[in-house]
$ cat model_36.pdb   # PDB, C-alpha atoms
ATOM      1  CA  MET V   1      33.645 -11.614  17.287
ATOM      2  CA  HIS V   2      30.014 -12.693  17.257
ATOM      3  CA  THR V   3      29.698 -16.100  18.907
ATOM      4  CA  LEU V   4      27.155 -18.807  18.227
ATOM      5  CA  GLN V   5      25.592 -17.970  21.596
ATOM      6  CA  SER V   6      25.173 -14.300  20.682
ATOM      7  CA  ILE V   7      23.605 -15.290  17.363
ATOM      8  CA  GLU V   8      21.152 -17.666  19.026
ATOM      9  CA  ALA V   9      20.278 -14.987  21.595
ATOM     10  CA  SER V  10      19.195 -12.762  18.724
ATOM     11  CA  ALA V  11      16.184 -14.994  18.009
ATOM     12  CA  SER V  12      13.997 -13.084  20.459
ATOM     13  CA  MET V  13      14.874  -9.808  18.699
ATOM     14  CA  LEU V  14      13.298 -10.748  15.370
ATOM     15  CA  PRO V  15       9.752  -9.853  14.310
ATOM     16  CA  ASP V  16       7.093 -12.518  13.839
ATOM     17  CA  LEU V  17       4.280 -12.610  11.286
ATOM     18  CA  ALA V  18       1.974 -10.620  13.582
ATOM     19  CA  ALA V  19       4.541  -7.821  13.857
ATOM     20  CA  ILE V  20       4.974  -7.847  10.078
ATOM     21  CA  ARG V  21       1.225  -7.577   9.510
ATOM     22  CA  ALA V  22       1.087  -4.713  12.025
ATOM     23  CA  ALA V  23       3.893  -3.008  10.100
ATOM     24  CA  GLN V  24       1.932  -3.407   6.875
ATOM     25  CA  THR V  25      -1.006  -1.563   8.417
ATOM     26  CA  ARG V  26       1.221   1.114   9.983
ATOM     27  CA  ILE V  27       3.069   2.020   6.793
ATOM     28  CA  ALA V  28       0.170   1.680   4.333
ATOM     29  CA  PRO V  29      -0.605   5.445   4.233
ATOM     30  CA  HIS V  30       3.031   6.270   3.477
ATOM     31  CA  VAL V  31       4.289   3.695   0.937
ATOM     32  CA  HIS V  32       3.194   2.166  -2.352
ATOM     33  CA  ARG V  33       1.891  -1.343  -2.832
ATOM     34  CA  THR V  34       4.241  -2.081  -5.706
ATOM     35  CA  PRO V  35       3.389  -4.237  -8.731
ATOM     36  CA  VAL V  36       4.504  -7.776  -9.484
ATOM     37  CA  MET V  37       5.781  -8.149 -13.038
ATOM     38  CA  SER V  38       6.875 -11.042 -15.227
ATOM     39  CA  CYS V  39       8.911 -11.471 -18.418
ATOM     40  CA  ARG V  40       8.634 -14.479 -20.701
ATOM     41  CA  SER V  41      12.089 -14.002 -22.244
ATOM     42  CA  LEU V  42      13.742 -13.996 -18.811
ATOM     43  CA  ASP V  43      11.752 -17.108 -17.929
ATOM     44  CA  ASP V  44      13.225 -18.751 -21.020
ATOM     45  CA  ALA V  45      16.745 -17.570 -20.148
ATOM     46  CA  THR V  46      16.608 -18.982 -16.608
ATOM     47  CA  GLY V  47      14.359 -22.009 -17.083
ATOM     48  CA  ALA V  48      12.060 -20.856 -14.272
ATOM     49  CA  ARG V  49       8.800 -18.903 -14.042
ATOM     50  CA  LEU V  50       9.819 -15.562 -12.533
ATOM     51  CA  PHE V  51       7.698 -13.050 -10.620
ATOM     52  CA  PHE V  52       9.416  -9.730  -9.874
ATOM     53  CA  LYS V  53       8.250  -7.642  -6.881
ATOM     54  CA  CYS V  54       9.148  -4.200  -8.195
ATOM     55  CA  GLU V  55      10.366  -2.118  -5.276
ATOM     56  CA  ASN V  56      12.139   0.114  -7.788
ATOM     57  CA  PHE V  57       8.693   1.770  -8.000
ATOM     58  CA  GLN V  58       8.594   2.304  -4.225
ATOM     59  CA  LYS V  59       8.789   5.668  -2.447
ATOM     60  CA  VAL V  60      12.403   6.938  -2.599
ATOM     61  CA  GLY V  61      12.991   4.304  -5.281
ATOM     62  CA  ALA V  62      13.725   1.382  -2.954
ATOM     63  CA  PHE V  63      12.258  -1.140  -0.512
ATOM     64  CA  LYS V  64      14.048   0.731   2.274
ATOM     65  CA  ALA V  65      11.062   3.085   2.547
ATOM     66  CA  ARG V  66       9.160   0.256   4.197
ATOM     67  CA  GLY V  67      11.553  -0.430   7.068
ATOM     68  CA  ALA V  68      12.429   3.192   7.750
ATOM     69  CA  THR V  69       8.782   4.227   7.794
ATOM     70  CA  ASN V  70       7.802   1.422  10.149
ATOM     71  CA  ALA V  71      10.670   2.308  12.494
ATOM     72  CA  VAL V  72       9.988   6.067  12.493
ATOM     73  CA  PHE V  73       6.259   5.686  13.072
ATOM     74  CA  SER V  74       6.878   3.119  15.826
ATOM     75  CA  LEU V  75       8.931   5.604  17.893
ATOM     76  CA  THR V  76       7.386   7.097  20.998
ATOM     77  CA  ASP V  77       7.167  10.879  21.154
ATOM     78  CA  GLU V  78      10.058  10.866  23.623
ATOM     79  CA  GLU V  79      12.231   8.749  21.306
ATOM     80  CA  ALA V  80      11.384  10.960  18.343
ATOM     81  CA  ARG V  81      11.733  14.418  19.867
ATOM     82  CA  HIS V  82      15.371  14.956  18.792
ATOM     83  CA  GLY V  83      14.987  13.400  15.359
ATOM     84  CA  VAL V  84      16.633  10.328  13.869
ATOM     85  CA  VAL V  85      20.063   9.360  12.565
ATOM     86  CA  THR V  86      21.501   6.506  10.556
ATOM     87  CA  HIS V  87      24.411   5.455   8.367
ATOM     88  CA  SER V  88      23.754   4.365   4.811
ATOM     89  CA  SER V  89      25.227   3.983   1.340
ATOM     90  CA  GLY V  90      22.138   5.750   0.058
ATOM     91  CA  ASN V  91      18.752   4.070  -0.080
ATOM     92  CA  HIS V  92      18.156   3.660   3.653
ATOM     93  CA  GLY V  93      19.332   7.228   4.209
ATOM     94  CA  ALA V  94      16.826   8.552   1.688
ATOM     95  CA  ALA V  95      14.129   6.352   3.195
ATOM     96  CA  LEU V  96      14.814   7.603   6.708
ATOM     97  CA  ALA V  97      14.810  11.210   5.507
ATOM     98  CA  TYR V  98      11.485  10.596   3.756
ATOM     99  CA  ALA V  99       9.892   8.918   6.792
ATOM    100  CA  ALA V 100      11.204  11.567   9.173
ATOM    101  CA  ALA V 101       9.764  14.319   6.999
ATOM    102  CA  ARG V 102       6.388  12.550   6.996
ATOM    103  CA  ARG V 103       6.452  12.700  10.799
ATOM    104  CA  GLY V 104       7.934  16.200  10.958
ATOM    105  CA  LEU V 105      11.311  15.153  12.383
ATOM    106  CA  PRO V 106      14.876  16.148  11.478
ATOM    107  CA  ALA V 107      17.135  13.438  10.078
ATOM    108  CA  TRP V 108      20.908  13.010   9.881
ATOM    109  CA  VAL V 109      22.544  10.505   7.544
ATOM    110  CA  VAL V 110      26.187   9.402   7.627
ATOM    111  CA  MET V 111      27.303   8.304   4.150
ATOM    112  CA  PRO V 112      30.593   6.909   2.795
ATOM    113  CA  GLU V 113      32.527   9.397   0.737
ATOM    114  CA  ASN V 114      32.449   7.021  -2.236
ATOM    115  CA  ALA V 115      28.649   6.794  -2.248
ATOM    116  CA  SER V 116      26.913   7.192  -5.582
ATOM    117  CA  PRO V 117      26.355  10.895  -6.361
ATOM    118  CA  ALA V 118      22.812  10.014  -7.393
ATOM    119  CA  LYS V 119      22.169   8.493  -3.965
ATOM    120  CA  ILE V 120      23.737  11.441  -2.127
ATOM    121  CA  ASP V 121      21.470  13.769  -4.098
ATOM    122  CA  ASN V 122      18.489  11.572  -3.295
ATOM    123  CA  VAL V 123      19.170  11.724   0.460
ATOM    124  CA  ARG V 124      19.650  15.477   0.337
ATOM    125  CA  ARG V 125      16.474  15.962  -1.691
ATOM    126  CA  TYR V 126      14.408  14.378   1.085
ATOM    127  CA  GLY V 127      15.771  16.880   3.580
ATOM    128  CA  ALA V 128      18.411  15.028   5.584
ATOM    129  CA  THR V 129      21.633  16.562   6.838
ATOM    130  CA  ILE V 130      24.489  14.500   5.362
ATOM    131  CA  ARG V 131      27.855  13.764   6.951
ATOM    132  CA  LEU V 132      30.438  11.995   4.791
ATOM    133  CA  CYS V 133      32.958   9.520   6.208
ATOM    134  CA  ALA V 134      35.574   7.002   5.100
ATOM    135  CA  PRO V 135      34.080   4.030   3.227
ATOM    136  CA  THR V 136      34.330   1.465   6.028
ATOM    137  CA  VAL V 137      31.760   0.009   8.414
ATOM    138  CA  ALA V 138      33.822   1.173  11.392
ATOM    139  CA  ALA V 139      34.020   4.748  10.108
ATOM    140  CA  ARG V 140      30.271   4.823   9.529
ATOM    141  CA  GLU V 141      29.560   3.653  13.061
ATOM    142  CA  VAL V 142      31.964   6.135  14.661
ATOM    143  CA  ALA V 143      30.550   9.074  12.692
ATOM    144  CA  CYS V 144      27.015   7.998  13.484
ATOM    145  CA  ALA V 145      27.815   7.833  17.214
ATOM    146  CA  GLU V 146      29.280  11.329  17.039
ATOM    147  CA  VAL V 147      26.138  12.703  15.423
ATOM    148  CA  ARG V 148      23.974  10.976  18.041
ATOM    149  CA  ALA V 149      26.061  12.472  20.838
ATOM    150  CA  ALA V 150      25.820  15.968  19.360
ATOM    151  CA  THR V 151      22.101  15.942  18.497
ATOM    152  CA  GLY V 152      20.386  13.444  20.776
ATOM    153  CA  ALA V 153      18.860  11.819  17.697
ATOM    154  CA  THR V 154      17.574   8.240  17.892
ATOM    155  CA  LEU V 155      19.424   5.661  15.814
ATOM    156  CA  VAL V 156      17.441   3.810  13.156
ATOM    157  CA  HIS V 157      19.889   1.162  11.996
ATOM    158  CA  PRO V 158      19.752   0.185   8.312
ATOM    159  CA  PHE V 159      19.086  -3.486   9.072
ATOM    160  CA  ASP V 160      19.882  -4.452  12.688
ATOM    161  CA  ASP V 161      16.498  -3.356  14.046
ATOM    162  CA  ALA V 162      13.385  -5.526  14.456
ATOM    163  CA  ARG V 163      11.115  -2.650  13.375
ATOM    164  CA  VAL V 164      13.135  -2.146  10.196
ATOM    165  CA  ILE V 165      13.123  -5.878   9.429
ATOM    166  CA  ALA V 166       9.345  -6.037   9.950
ATOM    167  CA  GLY V 167       8.863  -3.163   7.533
ATOM    168  CA  GLN V 168      11.135  -4.692   4.895
ATOM    169  CA  ALA V 169       9.238  -7.974   5.215
ATOM    170  CA  THR V 170       6.045  -6.344   3.975
ATOM    171  CA  ALA V 171       7.407  -6.461   0.413
ATOM    172  CA  ALA V 172       7.472 -10.266   0.539
ATOM    173  CA  LEU V 173       4.130 -10.287   2.351
ATOM    174  CA  GLU V 174       2.555  -8.435  -0.570
ATOM    175  CA  LEU V 175       4.314 -10.673  -3.092
ATOM    176  CA  LEU V 176       2.903 -13.807  -1.451
ATOM    177  CA  GLU V 177      -0.547 -12.247  -1.207
ATOM    178  CA  ASP V 178      -0.457 -11.498  -4.939
ATOM    179  CA  VAL V 179       1.233 -14.737  -6.093
ATOM    180  CA  SER V 180       0.227 -17.400  -3.590
ATOM    181  CA  ASP V 181       1.769 -20.515  -5.122
ATOM    182  CA  LEU V 182       5.472 -19.671  -5.287
ATOM    183  CA  ASP V 183       8.030 -22.441  -4.824
ATOM    184  CA  VAL V 184      11.014 -20.159  -4.173
ATOM    185  CA  VAL V 185      11.684 -16.560  -3.089
ATOM    186  CA  ILE V 186      15.021 -14.796  -3.659
ATOM    187  CA  ALA V 187      16.181 -11.479  -2.214
ATOM    188  CA  PRO V 188      19.540  -9.703  -2.394
ATOM    189  CA  VAL V 189      21.537  -9.643   0.841
ATOM    190  CA  GLY V 190      23.858  -7.030   2.282
ATOM    191  CA  GLY V 191      23.193  -6.487   5.983
ATOM    192  CA  GLY V 192      20.394  -9.029   5.804
ATOM    193  CA  GLY V 193      17.358  -6.968   6.823
ATOM    194  CA  LEU V 194      15.441  -7.605   3.608
ATOM    195  CA  LEU V 195      16.400 -11.268   3.359
ATOM    196  CA  SER V 196      15.624 -11.857   7.054
ATOM    197  CA  GLY V 197      12.199 -10.290   6.760
ATOM    198  CA  THR V 198      11.521 -12.096   3.492
ATOM    199  CA  ALA V 199      12.498 -15.427   5.040
ATOM    200  CA  ILE V 200      10.405 -14.956   8.174
ATOM    201  CA  VAL V 201       7.238 -13.991   6.329
ATOM    202  CA  ALA V 202       7.629 -16.568   3.547
ATOM    203  CA  ARG V 203       8.259 -19.491   5.869
ATOM    204  CA  SER V 204       5.454 -18.354   8.210
ATOM    205  CA  MET V 205       2.881 -18.036   5.439
ATOM    206  CA  HIS V 206       3.954 -21.045   3.369
ATOM    207  CA  PRO V 207       6.338 -23.401   5.227
ATOM    208  CA  PRO V 208       7.307 -25.520   2.167
ATOM    209  CA  ILE V 209       8.678 -22.483   0.303
ATOM    210  CA  GLU V 210      12.436 -22.209  -0.225
ATOM    211  CA  VAL V 211      14.122 -18.880   0.551
ATOM    212  CA  HIS V 212      17.480 -18.046  -1.024
ATOM    213  CA  GLY V 213      19.751 -15.018  -0.900
ATOM    214  CA  ALA V 214      21.887 -13.476  -3.611
ATOM    215  CA  GLU V 215      25.028 -11.389  -3.256
ATOM    216  CA  PRO V 216      28.070 -10.341  -5.300
ATOM    217  CA  ALA V 217      30.951 -12.801  -5.373
ATOM    218  CA  ASN V 218      33.158  -9.772  -4.612
ATOM    219  CA  ALA V 219      31.227  -9.214  -1.350
ATOM    220  CA  ASP V 220      30.447 -12.767  -0.258
ATOM    221  CA  ASP V 221      30.419 -12.283   3.511
ATOM    222  CA  ALA V 222      26.798 -13.455   3.910
ATOM    223  CA  ALA V 223      27.519 -16.728   2.110
ATOM    224  CA  ARG V 224      30.628 -17.224   4.245
ATOM    225  CA  SER V 225      28.680 -16.368   7.406
ATOM    226  CA  LEU V 226      25.922 -18.846   6.566
ATOM    227  CA  ALA V 227      28.557 -21.527   5.990
ATOM    228  CA  SER V 228      30.596 -20.826   9.143
ATOM    229  CA  GLY V 229      27.734 -20.056  11.514
ATOM    230  CA  LYS V 230      29.300 -16.771  12.655
ATOM    231  CA  VAL V 231      29.311 -13.227  11.301
ATOM    232  CA  GLU V 232      32.169 -12.972   8.833
ATOM    233  CA  PRO V 233      33.512  -9.478   8.086
ATOM    234  CA  ILE V 234      33.240  -8.107   4.598
ATOM    235  CA  ALA V 235      36.628  -7.888   2.926
ATOM    236  CA  PRO V 236      37.804  -4.678   1.260
ATOM    237  CA  THR V 237      35.921  -5.006  -1.951
ATOM    238  CA  VAL V 238      34.890  -3.427  -5.195
ATOM    239  CA  THR V 239      31.408  -4.226  -6.443
ATOM    240  CA  LEU V 240      28.884  -2.341  -8.509
ATOM    241  CA  ALA V 241      26.222  -3.465  -6.045
ATOM    242  CA  ASP V 242      26.921  -0.643  -3.600
ATOM    243  CA  GLY V 243      23.814  -1.367  -1.529
ATOM    244  CA  LEU V 244      25.257  -4.771  -0.598
ATOM    245  CA  ARG V 245      28.634  -3.609   0.733
ATOM    246  CA  THR V 246      27.946  -4.376   4.384
ATOM    247  CA  THR V 247      27.997  -7.266   6.847
ATOM    248  CA  LEU V 248      25.304  -9.217   8.626
ATOM    249  CA  SER V 249      24.499  -8.771  12.305
ATOM    250  CA  PRO V 250      23.911 -11.613  14.789
ATOM    251  CA  ARG V 251      20.195 -10.846  14.520
ATOM    252  CA  THR V 252      20.041 -11.187  10.747
ATOM    253  CA  LEU V 253      22.400 -14.157  10.657
ATOM    254  CA  HIS V 254      20.121 -15.992  13.078
ATOM    255  CA  ALA V 255      17.173 -15.492  10.716
ATOM    256  CA  LEU V 256      19.227 -16.646   7.736
ATOM    257  CA  ARG V 257      20.529 -19.751   9.528
ATOM    258  CA  LYS V 258      16.981 -20.702  10.494
ATOM    259  CA  HIS V 259      15.156 -20.014   7.248
ATOM    260  CA  VAL V 260      17.506 -19.540   4.262
ATOM    261  CA  VAL V 261      18.574 -22.525   2.158
ATOM    262  CA  SER V 262      21.507 -20.964   0.306
ATOM    263  CA  ILE V 263      23.055 -17.766  -1.004
ATOM    264  CA  GLY V 264      24.003 -17.530  -4.661
ATOM    265  CA  LEU V 265      26.989 -15.486  -5.811
ATOM    266  CA  ALA V 266      27.067 -13.264  -8.886
ATOM    267  CA  SER V 267      30.080 -12.033 -10.829
ATOM    268  CA  GLU V 268      30.439  -8.344 -11.605
ATOM    269  CA  ALA V 269      29.987  -9.055 -15.318
ATOM    270  CA  GLY V 270      26.897 -11.081 -14.478
ATOM    271  CA  ILE V 271      25.422  -8.214 -12.456
ATOM    272  CA  VAL V 272      25.910  -5.827 -15.372
ATOM    273  CA  ASP V 273      24.374  -8.320 -17.786
ATOM    274  CA  ALA V 274      21.342  -8.964 -15.554
ATOM    275  CA  MET V 275      20.806  -5.252 -15.008
ATOM    276  CA  ARG V 276      21.009  -4.556 -18.730
ATOM    277  CA  GLN V 277      18.723  -7.446 -19.647
ATOM    278  CA  THR V 278      16.124  -6.191 -17.157
ATOM    279  CA  TRP V 279      16.262  -2.696 -18.649
ATOM    280  CA  GLN V 280      16.022  -4.062 -22.198
ATOM    281  CA  ARG V 281      13.471  -6.822 -21.734
ATOM    282  CA  MET V 282      11.238  -5.502 -18.948
ATOM    283  CA  LYS V 283      11.636  -1.789 -19.776
ATOM    284  CA  ILE V 284      12.188  -0.867 -16.131
ATOM    285  CA  VAL V 285      15.083   0.872 -14.365
ATOM    286  CA  ILE V 286      16.807  -1.163 -11.661
ATOM    287  CA  GLU V 287      20.077  -0.595  -9.820
ATOM    288  CA  PRO V 288      22.984  -3.076  -9.673
ATOM    289  CA  SER V 289      22.048  -4.445  -6.224
ATOM    290  CA  SER V 290      18.600  -5.318  -7.577
ATOM    291  CA  ALA V 291      20.122  -7.252 -10.473
ATOM    292  CA  VAL V 292      22.060  -9.690  -8.287
ATOM    293  CA  PRO V 293      19.282 -12.323  -7.870
ATOM    294  CA  LEU V 294      18.669 -12.468 -11.618
ATOM    295  CA  ALA V 295      22.424 -12.581 -12.219
ATOM    296  CA  CYS V 296      22.652 -15.640  -9.977
ATOM    297  CA  LEU V 297      19.887 -17.328 -11.985
ATOM    298  CA  LEU V 298      21.467 -16.460 -15.323
ATOM    299  CA  GLU V 299      24.883 -17.687 -14.139
ATOM    300  CA  ARG V 300      23.276 -20.782 -12.551
ATOM    301  CA  THR V 301      24.700 -20.229  -9.072
ATOM    302  CA  LEU V 302      21.009 -20.485  -8.215
ATOM    303  CA  ALA V 303      18.914 -22.746 -10.451
ATOM    304  CA  PHE V 304      15.245 -23.703 -10.190
ATOM    305  CA  PRO V 305      14.204 -25.286 -13.490
ATOM    306  CA  GLY V 306      10.450 -25.429 -13.989
ATOM    307  CA  ARG V 307       9.686 -23.781 -10.639
ATOM    308  CA  ARG V 308       7.805 -20.602  -9.736
ATOM    309  CA  VAL V 309      10.282 -18.075  -8.319
ATOM    310  CA  GLY V 310       9.574 -14.725  -6.656
ATOM    311  CA  ILE V 311      12.346 -12.122  -6.796
ATOM    312  CA  ILE V 312      12.481  -8.930  -4.750
ATOM    313  CA  ILE V 313      13.764  -6.116  -6.985
ATOM    314  CA  SER V 314      15.172  -3.952  -4.241
ATOM    315  CA  GLY V 315      15.494  -0.541  -5.910
ATOM    316  CA  GLY V 316      16.046   1.622  -8.936
ATOM    317  CA  ASN V 317      18.316   4.478  -7.889
ATOM    318  CA  VAL V 318      20.955   4.710 -10.612
ATOM    319  CA  ASP V 319      23.394   7.408 -11.669
ATOM    320  CA  LEU V 320      22.283   7.736 -15.288
ATOM    321  CA  ASP V 321      25.566   9.417 -16.212
ATOM    322  CA  ARG V 322      27.560   6.363 -15.068
ATOM    323  CA  LEU V 323      25.744   3.323 -16.402
ATOM    324  CA  PRO V 324      28.009   0.271 -16.077
ATOM    325  CA  TRP V 325      27.731  -0.827 -19.707
ATOM    326  CA  TRP V 326      29.166   2.522 -20.786
ATOM    327  CA  SER V 327      32.475   1.838 -19.023
TER     328      SER V 327
END

$ encode --input "model_36.pdb" --output "structure tokens"
Amino acid sequence: MHTLQSIEASASMLPDLAAIRAAQTRIAPHVHRTPVMSCRSLDDATGARLFFKCENFQKVGAFKARGATNAVFSLTDEEARHGVVTHSSGNHGAALAYAAARRGLPAWVVMPENASPAKIDNVRRYGATIRLCAPTVAAREVACAEVRAATGATLVHPFDDARVIAGQATAALELLEDVSDLDVVIAPVGGGGLLSGTAIVARSMHPPIEVHGAEPANADDAARSLASGKVEPIAPTVTLADGLRTTLSPRTLHALRKHVVSIGLASEAGIVDAMRQTWQRMKIVIEPSSAVPLACLLERTLAFPGRRVGIIISGGNVDLDRLPWWS
């Protein structure tokens, strides 16, 4: 059980704006500065003026390249000499493999056995050694510890790491540099690394801005955690948004409690609809996790009529043989 005291103690383990700007400089040679796009028909559908930060165009197809690259290139030579290891449903694993290869390090990635085949292939393509495990947080952590013990590799956690959070925050930093007068920023939330980083940078650069999260109603642990003030476990769940099937940490919950106004919830049908509308109207490929913020706006679990809203599109790694509207 994570107590209120342990959550508050996590405050000192979060990056500040200076660390986020340093991360931006560190990762610049290795990642893309992704575009910000808009869509008038989606503005009309939601009643807001939307600005999409398109991390589906990022290296490895997801924002995770930012955090993994910052973490890997922040390691000392001693920390890096045996390589790196993590557990991931896909995007962070591919990102860590990519960053490790850029630094010439081996990488090991523990993945749940029900991970998307497209994401398993993506991780393998970037050169990581994959170990499959049961699809639970506990099984991931046990398998990851076993790999660390066998290899001596350094753990780069998917979200519970200040260097990872600082790297993820650079997506919002770029968004606010490109669109300076936003009223609201929304990011999807699983473990909370992206939303934490987004919240820290947004509130540091523009204190009046509102920061909101978005998650599947079928995996609503972040909303429950924000309401209760303690880390709530994710229930056994089925959601298309596979990148959001994880729980917060005390570190990320502290950032959310300090900076995040609310977390909207999206139905599974709403996620499919938002994903499909983005493909049809914006002509870009996004994955289900990326569609959750727009789904919340379309279903009005988040509503900002007449306001300027930035949305982090987190990634675009989709199994094209298993598109959800074909089911």

$ residues_around --input "model_36.pdb" --residues "Cys296 in chain V" --least-positions-apart "6" --cutoff "9 Å" --atoms "all atoms listed in the file" --output "list in words"
Ala214, Glu215, Pro216, Gly264, Leu265, Ala266, Ser267, Gly270, Ile271, Ala274, Leu302 and Ala303 of chain V

$ write_last_selection --input "model_36.pdb" --atoms "C-alpha atoms" --output "PDB file, in the coordinates of the input"
ATOM      1  CA  ALA V 214      21.887 -13.476  -3.611  1.00  0.00           C
ATOM      2  CA  GLU V 215      25.028 -11.389  -3.256  1.00  0.00           C
ATOM      3  CA  PRO V 216      28.070 -10.341  -5.300  1.00  0.00           C
ATOM      4  CA  GLY V 264      24.003 -17.530  -4.661  1.00  0.00           C
ATOM      5  CA  LEU V 265      26.989 -15.486  -5.811  1.00  0.00           C
ATOM      6  CA  ALA V 266      27.067 -13.264  -8.886  1.00  0.00           C
ATOM      7  CA  SER V 267      30.080 -12.033 -10.829  1.00  0.00           C
ATOM      8  CA  GLY V 270      26.897 -11.081 -14.478  1.00  0.00           C
ATOM      9  CA  ILE V 271      25.422  -8.214 -12.456  1.00  0.00           C
ATOM     10  CA  ALA V 274      21.342  -8.964 -15.554  1.00  0.00           C
ATOM     11  CA  LEU V 302      21.009 -20.485  -8.215  1.00  0.00           C
ATOM     12  CA  ALA V 303      18.914 -22.746 -10.451  1.00  0.00           C
TER      13      ALA V 303
END

$ closest_residue --input "model_36.pdb" --among "V:Gly191, V:Gly104, V:Gly213, V:Gly83" --to "Pro158 in chain V" --atoms "all atoms listed in the file"
V:Gly191

$ closest_residue --input "model_36.pdb" --among "V:Ala138, V:Arg124, V:Thr34, V:Ala143" --to "Val85 in chain V" --atoms "only C-alpha atoms"
V:Ala143

$ atom_distance --input "model_36.pdb" --atom1 "CA of Thr170 in chain V" --atom2 "CA of Glu268 in chain V"
29.0 Å

$ closest_residue --input "model_36.pdb" --among "V:Ala150, V:Gly47, V:Phe57, V:Ala223" --to "Arg300 in chain V" --atoms "all atoms listed in the file"
V:Gly47

$ residues_around --input "model_36.pdb" --residues "Val260 in chain V" --least-positions-apart "5" --cutoff "9 Å" --atoms "only C-alpha atoms" --output "ChimeraX atom specification"
/V:195-196,199,210-213,226,255

$ resolve_selection --input "model_36.pdb" --expression "the PyMOL selection byres ((chain V and resi 248) around 12)" --output "PyMOL selection string"
chain V and resi 2+7+137+158-161+189-196+219-226+229-234+244-247+249-257

$ residues_around --input "model_36.pdb" --residues "Arg49 in chain V" --least-positions-apart "2" --cutoff "7 Å" --atoms "all atoms listed in the file" --output "list in words"
Asp43, Phe51, Gly306, Arg307, Arg308 and Val309 of chain V

$ closest_residue --input "model_36.pdb" --among "V:Gln168, V:Ser38, V:Thr239, V:Thr76" --to "Ala95 in chain V" --atoms "all atoms listed in the file"
V:Gln168

$ resolve_selection --input "model_36.pdb" --expression "the PyMOL selection byres ((chain V and resi 162) around 7)" --output "list in words"
Met13, Leu14, Pro15, Asp160, Asp161, Arg163, Val164, Ile165 and Ala166 of chain V

$ atom_distance --input "model_36.pdb" --atom1 "CA of Arg40 in chain V" --atom2 "CA of Leu294 in chain V"
13.7 Å

$ atom_distance --input "model_36.pdb" --atom1 "CA of Leu42 in chain V" --atom2 "CA of Ala62 in chain V"
22.1 Å

$ residues_around --input "model_36.pdb" --residues "Ala100 in chain V" --least-positions-apart "3" --cutoff "9 Å" --atoms "all atoms listed in the file" --output "count of residues only"
16
